[in-house]
$ cat final01.cif   # mmCIF, C-alpha atoms
data_final
loop_
_atom_site.label_atom_id
_atom_site.label_comp_id
_atom_site.auth_asym_id
_atom_site.auth_seq_id
_atom_site.Cartn_x
_atom_site.Cartn_y
_atom_site.Cartn_z
CA MET A 268 37.21 -43.23 -66.39
CA ARG A 269 36.09 -46.82 -67.02
CA ALA A 270 32.83 -48.39 -68.15
CA ALA A 271 30.32 -48.81 -65.32
CA GLY A 272 30.97 -52.07 -63.47
CA ALA A 273 34.45 -52.57 -64.99
CA SER A 274 37.12 -53.82 -62.61
CA ALA A 275 39.63 -51.38 -61.19
CA SER A 276 42.47 -53.12 -63.00
CA SER A 277 40.89 -52.91 -66.46
CA GLN A 278 42.20 -50.50 -69.09
CA PRO A 279 40.55 -47.10 -68.59
CA VAL A 280 38.58 -45.52 -71.45
CA LEU A 281 39.98 -42.12 -70.56
CA SER A 282 42.43 -40.79 -68.07
CA THR A 283 43.76 -37.41 -67.08
CA SER A 284 45.59 -36.03 -64.09
CA VAL A 285 44.07 -33.39 -61.87
CA THR A 286 45.69 -31.15 -59.29
CA ILE A 287 43.34 -30.83 -56.33
CA ASP A 288 43.78 -27.84 -54.06
CA ALA A 289 42.30 -27.84 -50.57
CA ASP A 290 39.08 -25.84 -50.11
CA HIS A 291 38.22 -26.08 -53.83
CA ALA A 292 35.52 -28.12 -55.51
CA TYR A 293 35.87 -29.74 -58.95
CA THR A 294 33.68 -31.45 -61.50
CA VAL A 295 35.17 -33.96 -63.92
CA ALA A 296 33.10 -34.68 -67.03
CA GLY A 297 33.70 -36.95 -70.01
CA MET A 298 32.89 -34.76 -73.00
CA GLY A 299 32.85 -35.13 -76.74
CA PRO A 300 31.88 -37.58 -79.44
CA GLU A 301 32.68 -41.25 -78.91
CA LYS A 302 35.85 -41.09 -80.95
CA GLY A 303 37.01 -37.85 -79.44
CA LEU A 304 35.97 -38.31 -75.83
CA ARG A 305 38.06 -36.37 -73.39
CA LEU A 306 37.96 -35.60 -69.70
CA GLN A 307 37.34 -32.02 -68.73
CA VAL A 308 38.10 -30.81 -65.22
CA MET A 309 36.19 -27.77 -64.04
CA ASP A 310 36.96 -25.75 -60.94
CA ASP A 311 33.59 -25.20 -59.28
CA ASP A 312 32.55 -21.87 -57.88
CA LEU A 313 30.73 -22.29 -54.60
CA THR A 314 30.28 -18.63 -53.72
CA THR A 315 26.60 -17.86 -54.06
CA PRO A 316 25.37 -14.25 -53.93
CA PRO A 317 22.79 -13.65 -51.18
CA GLY A 318 19.30 -14.84 -52.10
CA LYS A 319 20.50 -16.46 -55.31
CA ALA A 320 21.62 -19.77 -56.76
CA LEU A 321 24.45 -20.38 -59.25
CA VAL A 322 23.55 -22.28 -62.43
CA ARG A 323 25.82 -23.43 -65.28
CA VAL A 324 25.09 -25.47 -68.39
CA ILE A 325 27.03 -28.43 -69.78
CA GLN A 326 26.05 -28.89 -73.42
CA ALA A 327 26.47 -32.57 -74.18
CA SER A 328 24.08 -33.02 -77.09
CA LEU A 329 25.74 -34.38 -80.25
CA LYS A 330 22.67 -33.87 -82.40
CA GLN A 331 22.12 -30.21 -81.50
CA GLN A 332 25.46 -28.57 -82.16
CA THR A 333 24.44 -25.25 -80.61
CA VAL A 334 21.82 -24.73 -77.97
CA LYS A 335 20.32 -21.63 -76.37
CA VAL A 336 19.25 -21.92 -72.71
CA THR A 337 16.49 -19.76 -71.28
CA CYS A 338 15.05 -19.32 -67.80
CA ASN A 339 11.34 -18.41 -67.88
CA GLY A 340 11.94 -17.18 -71.40
CA THR A 341 14.94 -15.00 -70.55
CA THR A 342 18.16 -16.17 -72.21
CA ILE A 343 20.84 -17.12 -69.70
CA VAL A 344 23.24 -18.90 -72.07
CA PRO A 345 22.87 -17.56 -75.62
CA LYS A 346 25.08 -20.03 -77.45
CA ALA A 347 26.22 -23.27 -75.85
CA ALA A 348 28.34 -25.26 -78.29
CA PHE A 349 28.66 -29.01 -78.04
CA ALA A 350 31.09 -30.16 -75.30
CA SER A 351 31.14 -26.74 -73.65
CA VAL A 352 30.62 -25.68 -70.05
CA SER A 353 29.07 -22.25 -69.53
CA SER A 354 30.10 -19.83 -66.83
CA TYR A 355 27.95 -19.68 -63.70
CA GLN A 356 24.82 -17.52 -63.87
CA ALA A 357 23.36 -16.09 -60.65
CA ILE A 358 19.61 -16.65 -60.62
CA PRO A 359 17.25 -15.56 -57.83
CA ALA A 360 15.78 -18.33 -55.69
CA GLY A 361 12.48 -19.71 -56.95
CA THR A 362 10.98 -22.24 -59.34
CA TRP A 363 11.89 -21.58 -62.98
CA THR A 364 11.19 -23.20 -66.32
CA MET A 365 14.53 -23.91 -67.92
CA ALA A 366 14.51 -24.53 -71.66
CA ALA A 367 17.30 -25.76 -73.94
CA ILE A 368 16.49 -24.74 -77.51
CA GLY A 369 18.33 -26.25 -80.46
CA SER A 370 17.55 -26.04 -84.17
CA GLY A 371 16.17 -29.56 -84.12
CA GLY A 372 14.49 -29.78 -80.74
CA THR A 373 13.74 -28.30 -77.34
CA ALA A 374 13.95 -29.68 -73.83
CA THR A 375 12.28 -28.04 -70.84
CA GLN A 376 12.62 -28.72 -67.14
CA SER A 377 11.01 -27.10 -64.12
CA VAL A 378 13.82 -26.42 -61.67
CA THR A 379 13.48 -25.21 -58.09
CA LEU A 380 16.48 -23.14 -57.05
CA ALA A 381 16.98 -22.57 -53.34
CA ALA A 382 19.18 -19.66 -52.28
CA GLY A 383 22.73 -20.72 -51.55
CA THR A 384 22.72 -23.67 -53.94
CA VAL A 385 24.83 -24.48 -57.01
CA HIS A 386 23.33 -26.33 -59.97
CA THR A 387 24.45 -27.81 -63.28
CA LEU A 388 22.00 -28.29 -66.16
CA VAL A 389 23.18 -31.00 -68.52
CA VAL A 390 21.73 -30.88 -72.04
CA LEU A 391 22.00 -34.21 -73.81
CA ASP A 392 20.41 -36.50 -76.37
CA GLY A 393 17.75 -38.65 -74.79
CA SER A 394 15.81 -41.51 -76.34
CA ASN A 395 12.99 -39.11 -77.25
CA GLY A 396 15.08 -36.17 -78.42
CA LEU A 397 16.78 -33.41 -76.52
CA GLU A 398 16.83 -33.82 -72.75
CA MET A 399 17.88 -31.67 -69.82
CA ILE A 400 18.94 -32.98 -66.41
CA SER A 401 19.20 -30.71 -63.40
CA LEU A 402 21.90 -31.62 -60.87
CA GLU A 403 22.31 -29.93 -57.52
CA ASP A 404 26.07 -29.67 -57.06
CA ALA A 405 26.23 -27.93 -53.72
CA ALA A 406 24.07 -26.31 -51.07
CA GLY A 407 24.65 -24.05 -48.12
CA ALA A 408 22.60 -21.91 -45.80
CA GLY A 409 19.95 -20.23 -47.95
CA LYS A 410 20.13 -17.24 -45.65
CA PRO A 411 23.58 -17.19 -44.07
CA PRO A 412 23.62 -15.78 -40.54
CA LEU A 413 25.61 -12.62 -39.85
CA GLY A 414 28.81 -13.54 -38.08
CA GLY A 415 29.23 -16.21 -35.42
CA ALA A 416 27.15 -17.36 -32.47
CA SER A 417 26.89 -16.08 -28.91
CA THR A 418 27.15 -19.44 -27.22
CA GLY A 419 28.75 -19.01 -23.82
CA PHE A 420 28.28 -17.25 -20.51
CA GLY A 421 31.72 -17.64 -18.96
CA GLY A 422 30.92 -20.07 -16.16
CA THR A 423 33.97 -22.16 -17.05
CA ALA A 424 36.25 -19.26 -17.93
CA PRO A 425 38.96 -18.17 -15.49
CA HIS A 426 38.10 -15.09 -13.48
CA GLY A 427 39.94 -12.85 -11.03
CA PRO A 428 38.91 -12.02 -7.45
CA GLY A 429 35.39 -10.71 -7.19
CA SER A 430 34.76 -7.03 -6.64
CA PRO A 431 35.15 -6.09 -2.96
CA LEU A 432 32.54 -3.34 -3.28
CA PRO A 433 29.39 -5.29 -2.40
CA TRP A 434 31.08 -6.73 0.67
CA ALA A 435 32.45 -3.36 1.71
CA ALA A 436 28.94 -1.94 1.36
CA LEU A 437 27.60 -4.75 3.55
CA ILE A 438 30.21 -4.04 6.21
CA GLY A 439 29.33 -0.37 6.03
CA ALA A 440 25.61 -1.05 6.41
CA GLY A 441 26.26 -3.41 9.31
CA SER A 442 28.41 -0.79 11.01
CA LEU A 443 25.62 1.77 10.66
CA LEU A 444 23.12 -0.63 12.18
CA ALA A 445 25.44 -1.54 15.03
CA LEU A 446 26.15 2.12 15.68
CA THR A 447 22.47 3.03 15.70
CA GLY A 448 21.58 0.14 17.94
CA GLY A 449 24.53 0.75 20.21
CA LEU A 450 23.71 4.46 20.64
CA ARG A 451 20.09 3.70 21.46
CA LEU A 452 21.09 1.11 23.99
CA ARG A 453 23.40 3.59 25.70
CA ARG A 454 20.68 6.22 25.72
CA HIS A 455 18.15 3.91 27.33
CA GLY A 456 20.55 2.66 29.95
CA LEU A 457 21.05 -0.95 28.96
CA SER A 458 24.29 -1.08 30.90
CA ARG A 459 22.40 -0.06 34.12
CA GLN A 460 19.78 -2.76 33.42
CA LEU A 461 22.46 -5.38 32.87
CA HIS A 462 24.18 -4.46 36.11
CA SER A 463 20.96 -4.70 38.03
CA GLY A 464 20.56 -8.26 36.73
CA VAL A 465 17.14 -7.80 35.12
CA MET B 281 12.14 -0.42 28.78
CA SER B 282 10.16 -0.70 25.52
CA PHE B 283 13.02 0.98 23.64
CA ARG B 284 15.68 -1.43 24.75
CA ARG B 285 14.74 -4.61 22.93
CA PRO B 286 14.53 -3.12 19.44
CA ALA B 287 17.76 -1.29 20.08
CA ALA B 288 19.43 -4.51 21.14
CA ILE B 289 18.09 -6.24 18.07
CA ILE B 290 19.39 -3.51 15.78
CA PHE B 291 22.77 -3.68 17.44
CA ALA B 292 22.92 -7.47 17.14
CA ALA B 293 21.73 -7.31 13.54
CA GLY B 294 24.46 -4.81 12.79
CA LEU B 295 27.09 -7.18 14.20
CA VAL B 296 25.70 -10.06 12.12
CA VAL B 297 25.80 -7.99 8.93
CA ILE B 298 29.37 -6.89 9.63
CA ALA B 299 30.35 -10.52 10.15
CA ALA B 300 28.65 -11.54 6.88
CA GLY B 301 30.34 -8.76 4.96
CA THR B 302 33.76 -9.57 6.35
CA GLY B 303 33.32 -13.28 5.73
CA GLY B 304 32.19 -12.70 2.15
CA LEU B 305 35.05 -10.33 1.48
CA MET B 306 37.61 -12.81 2.72
CA LEU B 307 36.12 -15.69 0.75
CA THR B 308 36.16 -13.84 -2.58
CA ARG B 309 39.77 -12.72 -2.59
CA HIS B 310 40.98 -15.70 -4.66
CA SER B 311 41.06 -16.14 -8.48
CA THR B 312 39.56 -19.20 -10.18
CA LEU B 313 41.26 -21.05 -13.02
CA ALA B 314 39.42 -22.05 -16.18
CA MET B 315 37.44 -25.25 -15.73
CA ARG B 316 39.46 -27.88 -17.58
CA PRO B 317 37.63 -30.32 -19.87
CA VAL B 318 38.22 -33.97 -18.99
CA ALA B 319 40.46 -36.07 -21.23
CA ALA B 320 38.93 -37.35 -24.45
CA GLY B 321 37.45 -40.78 -24.02
CA VAL B 322 36.49 -40.25 -20.38
CA GLY B 323 32.75 -40.41 -20.03
CA ALA B 324 32.42 -41.74 -23.58
CA LEU B 325 29.08 -43.12 -24.73
CA PRO B 326 28.45 -46.14 -26.93
CA ALA B 327 27.78 -45.36 -30.59
CA PRO B 328 24.07 -45.25 -31.46
CA THR B 329 22.78 -48.46 -33.04
CA GLY B 330 20.90 -48.88 -36.25
CA PRO B 331 21.58 -48.88 -39.99
CA ILE B 332 23.40 -45.82 -41.24
CA VAL B 333 22.01 -44.12 -44.36
CA ALA B 334 24.03 -43.72 -47.54
CA PRO B 335 25.32 -40.25 -48.53
CA PRO B 336 23.16 -38.25 -50.97
CA GLN B 337 23.49 -38.51 -54.78
CA SER B 338 23.29 -35.26 -56.71
CA ALA B 339 21.25 -36.67 -59.60
CA ALA B 340 18.33 -37.83 -57.45
CA PRO B 341 18.26 -35.77 -54.26
CA ARG B 342 15.80 -37.45 -51.90
CA PRO B 343 14.03 -35.27 -49.36
CA VAL B 344 15.67 -35.80 -46.02
CA ALA B 345 13.88 -35.89 -42.65
CA ALA B 346 14.58 -33.21 -40.06
CA PRO B 347 17.21 -33.87 -37.36
CA VAL B 348 15.94 -34.66 -33.86
CA SER B 349 19.02 -35.58 -31.81
CA LEU B 350 22.81 -35.44 -31.78
CA THR B 351 25.25 -37.90 -30.18
CA ILE B 352 29.03 -37.49 -30.00
CA PRO B 353 30.15 -40.70 -28.26
CA LEU B 354 33.79 -39.84 -27.55
CA ILE B 355 32.99 -36.75 -25.48
CA GLY B 356 29.76 -37.99 -23.95
CA VAL B 357 27.44 -35.53 -25.73
CA THR B 358 23.83 -36.61 -26.23
CA THR B 359 21.23 -33.95 -26.80
CA LYS B 360 17.96 -33.38 -28.58
CA LEU B 361 18.12 -30.78 -31.34
CA ILE B 362 15.77 -27.83 -31.11
CA ARG B 363 15.09 -25.61 -34.12
CA LEU B 364 16.85 -22.26 -34.42
CA GLY B 365 16.34 -19.32 -36.74
CA LEU B 366 17.96 -15.92 -36.96
CA ALA B 367 17.91 -13.27 -34.25
CA SER B 368 16.48 -9.85 -35.09
CA ASP B 369 19.97 -8.55 -35.92
CA GLY B 370 20.48 -11.31 -38.50
CA SER B 371 22.89 -13.34 -36.38
CA LEU B 372 22.39 -16.97 -35.41
CA GLN B 373 19.72 -17.59 -32.81
CA VAL B 374 21.12 -19.58 -29.89
CA PRO B 375 19.37 -22.17 -27.67
CA PRO B 376 17.57 -20.61 -24.69
CA THR B 377 19.13 -23.17 -22.33
CA THR B 378 22.74 -24.30 -22.09
CA SER B 379 21.93 -28.01 -21.92
CA VAL B 380 20.55 -28.54 -25.46
CA ALA B 381 21.91 -27.92 -28.95
CA GLY B 382 19.92 -26.62 -31.92
CA TRP B 383 19.86 -26.90 -35.72
CA TYR B 384 19.66 -23.72 -37.80
CA THR B 385 16.62 -24.35 -40.03
CA GLY B 386 17.95 -21.96 -42.67
CA SER B 387 20.76 -24.44 -43.38
CA PRO B 388 20.46 -27.82 -45.16
CA ARG B 389 19.22 -30.76 -43.11
CA PRO B 390 22.03 -33.00 -41.84
CA GLY B 391 22.55 -35.70 -44.48
CA ALA B 392 21.25 -33.57 -47.36
CA THR B 393 23.77 -31.97 -49.72
CA GLY B 394 25.27 -28.93 -48.08
CA SER B 395 26.51 -27.59 -44.77
CA ALA B 396 24.13 -28.18 -41.84
CA ILE B 397 24.67 -25.78 -38.92
CA ILE B 398 24.31 -26.94 -35.30
CA VAL B 399 24.87 -24.60 -32.36
CA GLY B 400 25.27 -25.14 -28.61
CA HIS B 401 26.55 -23.29 -25.55
CA ILE B 402 29.98 -24.07 -24.17
CA ASP B 403 28.99 -23.01 -20.66
CA SER B 404 26.39 -21.30 -18.49
CA VAL B 405 27.13 -18.62 -15.90
CA SER B 406 27.98 -21.33 -13.38
CA GLY B 407 29.38 -24.35 -15.21
CA PRO B 408 29.77 -26.45 -18.37
CA GLY B 409 27.19 -26.37 -21.19
CA VAL B 410 26.21 -29.03 -23.73
CA PHE B 411 29.21 -28.29 -26.00
CA PHE B 412 31.80 -27.85 -23.21
CA ARG B 413 33.95 -30.71 -24.52
CA LEU B 414 33.66 -29.83 -28.23
CA PRO B 415 37.27 -28.51 -28.41
CA GLU B 416 38.52 -32.03 -27.57
CA LEU B 417 37.32 -33.42 -30.90
CA ARG B 418 39.91 -34.44 -33.45
CA LYS B 419 39.89 -35.51 -37.10
CA GLY B 420 38.17 -38.86 -37.54
CA ASP B 421 35.95 -38.66 -34.43
CA GLN B 422 32.38 -39.80 -34.97
CA VAL B 423 29.24 -37.67 -34.78
CA TYR B 424 25.75 -39.17 -35.14
CA ILE B 425 22.45 -37.47 -35.97
CA ARG B 426 19.11 -39.24 -35.53
CA ARG B 427 16.36 -37.97 -37.84
CA ALA B 428 12.60 -37.69 -37.47
CA ASP B 429 12.04 -40.80 -39.62
CA GLY B 430 14.30 -42.87 -37.36
CA THR B 431 17.26 -42.95 -39.74
CA LEU B 432 20.79 -42.44 -38.47
CA VAL B 433 23.41 -40.29 -40.23
CA LYS B 434 27.08 -40.64 -39.33
CA PHE B 435 29.65 -37.89 -39.77
CA LEU B 436 33.42 -37.90 -39.28
CA VAL B 437 35.20 -34.82 -37.98
CA THR B 438 37.52 -33.31 -40.60
CA SER B 439 38.85 -30.33 -38.62
CA VAL B 440 38.38 -28.17 -35.52
CA ARG B 441 39.02 -24.44 -35.84
CA GLN B 442 38.87 -21.37 -33.61
CA TYR B 443 38.09 -17.95 -35.04
CA LEU B 444 37.81 -14.49 -33.49
CA LYS B 445 34.16 -13.49 -33.79
CA ASP B 446 35.05 -10.30 -35.64
CA GLN B 447 36.99 -12.36 -38.20
CA PHE B 448 34.33 -15.03 -38.64
CA PRO B 449 34.73 -16.86 -42.00
CA THR B 450 31.13 -16.74 -43.21
CA GLN B 451 31.80 -18.46 -46.54
CA ALA B 452 33.75 -21.38 -45.07
CA VAL B 453 31.15 -22.04 -42.38
CA TYR B 454 27.82 -21.24 -44.07
CA GLY B 455 28.72 -21.46 -47.79
CA PRO B 456 27.64 -24.27 -50.16
CA THR B 457 29.39 -27.64 -50.11
CA PRO B 458 28.95 -30.41 -52.68
CA ASP B 459 28.62 -33.16 -50.09
CA ALA B 460 26.67 -33.60 -46.86
CA GLU B 461 28.58 -31.74 -44.18
CA LEU B 462 28.09 -30.54 -40.62
CA ARG B 463 29.36 -27.54 -38.64
CA LEU B 464 29.12 -27.65 -34.83
CA ILE B 465 29.52 -24.14 -33.44
CA THR B 466 30.21 -23.01 -29.88
CA CYS B 467 32.16 -20.28 -28.09
CA GLY B 468 35.78 -20.31 -27.04
CA GLY B 469 38.95 -18.33 -26.59
CA ALA B 470 39.18 -15.50 -24.09
CA PHE B 471 36.11 -14.45 -22.10
CA ASP B 472 35.44 -10.73 -21.82
CA SER B 473 33.80 -10.29 -18.39
CA ALA B 474 32.99 -6.64 -19.16
CA THR B 475 30.62 -7.66 -21.97
CA GLY B 476 29.81 -11.18 -20.74
CA HIS B 477 30.81 -12.73 -24.08
CA TYR B 478 33.54 -15.00 -25.39
CA LEU B 479 35.73 -13.44 -28.06
CA SER B 480 35.96 -16.46 -30.37
CA ASN B 481 33.88 -19.22 -31.90
CA ILE B 482 34.99 -22.82 -32.16
CA VAL B 483 33.79 -24.61 -35.31
CA VAL B 484 33.98 -28.39 -35.75
CA TYR B 485 33.75 -29.40 -39.43
CA ALA B 486 32.51 -32.91 -40.25
CA THR B 487 31.58 -34.77 -43.43
CA GLU B 488 29.03 -37.56 -43.83
CA ALA B 489 30.47 -41.08 -43.84
CA SER B 490 28.78 -43.99 -45.51
CA ARG B 491 29.10 -46.50 -42.67
#
$ encode --input "final01.cif" --output "structure tokens"
Amino acid sequence: MRAAGASASSQPVLSTSVTIDADHAYTVAGMGPEKGLRLQVMDDDLTTPPGKALVRVIQASLKQQTVKVTCNGTTIVPKAAFASVSSYQAIPAGTWTMAAIGSGGTATQSVTLAAGTVHTLVVLDGSNGLEMISLEDAAGAGKPPLGGASTGFGGTAPHGPGSPLPWAALIGAGSLLALTGGLRLRRHGLSRQLHSGV
Amino acid sequence: MSFRRPAAIIFAAGLVVIAAGTGGLMLTRHSTLAMRPVAAGVGALPAPTGPIVAPPQSAAPRPVAAPVSLTIPLIGVTTKLIRLGLASDGSLQVPPTTSVAGWYTGSPRPGATGSAIIVGHIDSVSGPGVFFRLPELRKGDQVYIRRADGTLVKFLVTSVRQYLKDQFPTQAVYGPTPDAELRLITCGGAFDSATGHYLSNIVVYATEASR
């Protein structure tokens, strides 16, 4: 981690190594007081329960050592200590008033949570006191479909010889017609007519 | 005499029908092979022109316009995108025709954070559909989406997977992602002529690229 705008060859302020596994998501945050800044790597959970969003809190306020976080008045993180990351809370989709309450100040934020999204609330010291930022970390289908999609009719798939039944039925019907016609002709003496040249 | 002509007609008609039946029977004795997709690159289209938008930032998510069309230059796919919802049984609605693809409106918009779902048919009863050549895509191939405000979003394919429909990985396909991603879904694998359905889905995963 380097200061914003610093060149890639400059001495980093902080460094740490991270093992990244495929199909995982991670957040890396610089946490702590200026003299004790350290990098924290968090493995992100991206599995949202149906109809809900996942919300966690990063408490980064130096002035408020402990903060309580509420959602429409209900406590979701009772005691967030400085430089801590809470576990994910599942909150139903909707618009909620999030509040971070410390002994010396409060920050509120109206946050809209769509189903299937993952959020991080960062509590920090702003110029006017305690502040809260809402970050959307990830989003997916708010209402995931059931299973896959029925997207093909087989026109390009290989297929075996067609059923002979319709054709056999046609031959059968034709034979019946020919038989009927032929019998009637015989009965009404077509052959005699033909021979007489009419 | 008045009975002869109809009788002759019936007899002749019978012969014609026998001939038709025999001809049809003989013509349908062969098997057909699967229709093979053409090689990648054949029938390729030029890439759409215009400035390509930057990927989304989590701190200031801007509202993103709805997708209107999809172009996959390498395999010659260019289609408008209709809007799809869920069928009554909760599964993905599919386009009513095999020549257009659709965007599932319950998923994020392409270019917004998250996994946008786009669906198209691989074939009709008689021939190829809009996504017939989807299985030819490989990692790094380009996919473009034009949005209602005229902006262009570019995605790069990251992987192409085939799954049996009864082992469909719901979380991997529809679950949240921290970046702007795309899933193109069509059918594949073996075709079950008894039910008229393919047994597998093919999913192309792609991630937004900045330029």
$ atom_distance --input "final01.cif" --atom1 "atom CA of B:Thr358" --atom2 "atom CA of B:Arg426"
10.8 Å
$ atom_distance --input "final01.cif" --atom1 "atom CA of A:Thr418" --atom2 "atom CA of B:Val483"
11.7 Å
$ interface_residues --input "final01.cif" --of "chain B" --to "chain A" --cutoff "6 Å" --atoms "all atoms listed in the file" --output "number ranges by chain"
B: 287, 290-291, 294-295, 297-298, 301, 305, 308-315, 338-339, 370-372, 386-387, 393-395, 401-407, 445, 448, 454-458, 466-467
$ closest_residue --input "final01.cif" --among "B:Tyr443, B:Phe471, B:Tyr478, B:Tyr424" --to "B:Leu354" --atoms "all atoms listed in the file"
B:Tyr424
$ atom_distance --input "final01.cif" --atom1 "atom CA of B:Val333" --atom2 "atom CA of A:Leu388"
26.9 Å
$ resolve_selection --input "final01.cif" --expression "the PyMOL selection byres ((chain A and resi 325-342) around 10)" --output "PyMOL selection string"
chain A and resi 296-301+323-324+343-354+358+362-378+387-393+396-400
$ decode --input "final01.cif" --residues "stretch 311-318 of chain A" --atoms "all heavy atoms" --output "tab-separated table (two decimals), in the first residue's frame"
chain	number	residue	atom	x	y	z
A	311	ASP	N	-14.14	-12.54	1.77
A	311	ASP	CA	-15.52	-12.05	1.69
A	311	ASP	C	-16.49	-13.19	1.48
A	311	ASP	O	-16.23	-14.10	0.69
A	311	ASP	CB	-15.65	-11.06	0.52
A	311	ASP	CG	-14.86	-9.79	0.76
A	311	ASP	OD1	-14.35	-9.60	1.87
A	311	ASP	OD2	-14.76	-9.00	-0.18
A	312	ASP	N	-17.62	-13.09	2.13
A	312	ASP	CA	-18.69	-14.06	1.92
A	312	ASP	C	-19.62	-13.50	0.86
A	312	ASP	O	-20.12	-12.39	1.01
A	312	ASP	CB	-19.45	-14.26	3.25
A	312	ASP	CG	-20.56	-15.29	3.11
A	312	ASP	OD1	-20.78	-15.83	2.01
A	312	ASP	OD2	-21.22	-15.58	4.13
A	313	LEU	N	-19.85	-14.22	-0.19
A	313	LEU	CA	-20.74	-13.71	-1.22
A	313	LEU	C	-21.98	-14.57	-1.35
A	313	LEU	O	-22.61	-14.62	-2.40
A	313	LEU	CB	-20.01	-13.61	-2.57
A	313	LEU	CG	-18.83	-12.65	-2.61
A	313	LEU	CD1	-18.26	-12.59	-4.01
A	313	LEU	CD2	-19.21	-11.26	-2.16
A	314	THR	N	-22.33	-15.29	-0.30
A	314	THR	CA	-23.52	-16.16	-0.37
A	314	THR	C	-24.66	-15.46	0.35
A	314	THR	O	-24.74	-15.48	1.57
A	314	THR	CB	-23.23	-17.51	0.30
A	314	THR	OG1	-21.97	-17.98	-0.14
A	314	THR	CG2	-24.30	-18.51	-0.03
A	315	THR	N	-25.54	-14.84	-0.42
A	315	THR	CA	-26.63	-14.11	0.22
A	315	THR	C	-27.84	-15.01	0.37
A	315	THR	O	-28.21	-15.73	-0.56
A	315	THR	CB	-27.04	-12.90	-0.64
A	315	THR	OG1	-27.19	-13.34	-1.99
A	315	THR	CG2	-25.99	-11.82	-0.60
A	316	PRO	N	-28.50	-14.98	1.55
A	316	PRO	CA	-29.74	-15.74	1.71
A	316	PRO	C	-30.82	-15.12	0.82
A	316	PRO	O	-30.77	-13.93	0.52
A	316	PRO	CB	-30.09	-15.57	3.19
A	316	PRO	CG	-28.92	-14.92	3.83
A	316	PRO	CD	-28.15	-14.23	2.77
A	317	PRO	N	-31.81	-15.91	0.40
A	317	PRO	CA	-32.83	-15.38	-0.51
A	317	PRO	C	-33.55	-14.18	0.09
A	317	PRO	O	-33.90	-14.17	1.26
A	317	PRO	CB	-33.81	-16.55	-0.68
A	317	PRO	CG	-33.10	-17.75	-0.19
A	317	PRO	CD	-32.02	-17.32	0.73
A	318	GLY	N	-33.71	-13.13	-0.73
A	318	GLY	CA	-34.46	-11.96	-0.29
A	318	GLY	C	-33.70	-11.05	0.65
A	318	GLY	O	-34.25	-10.07	1.15
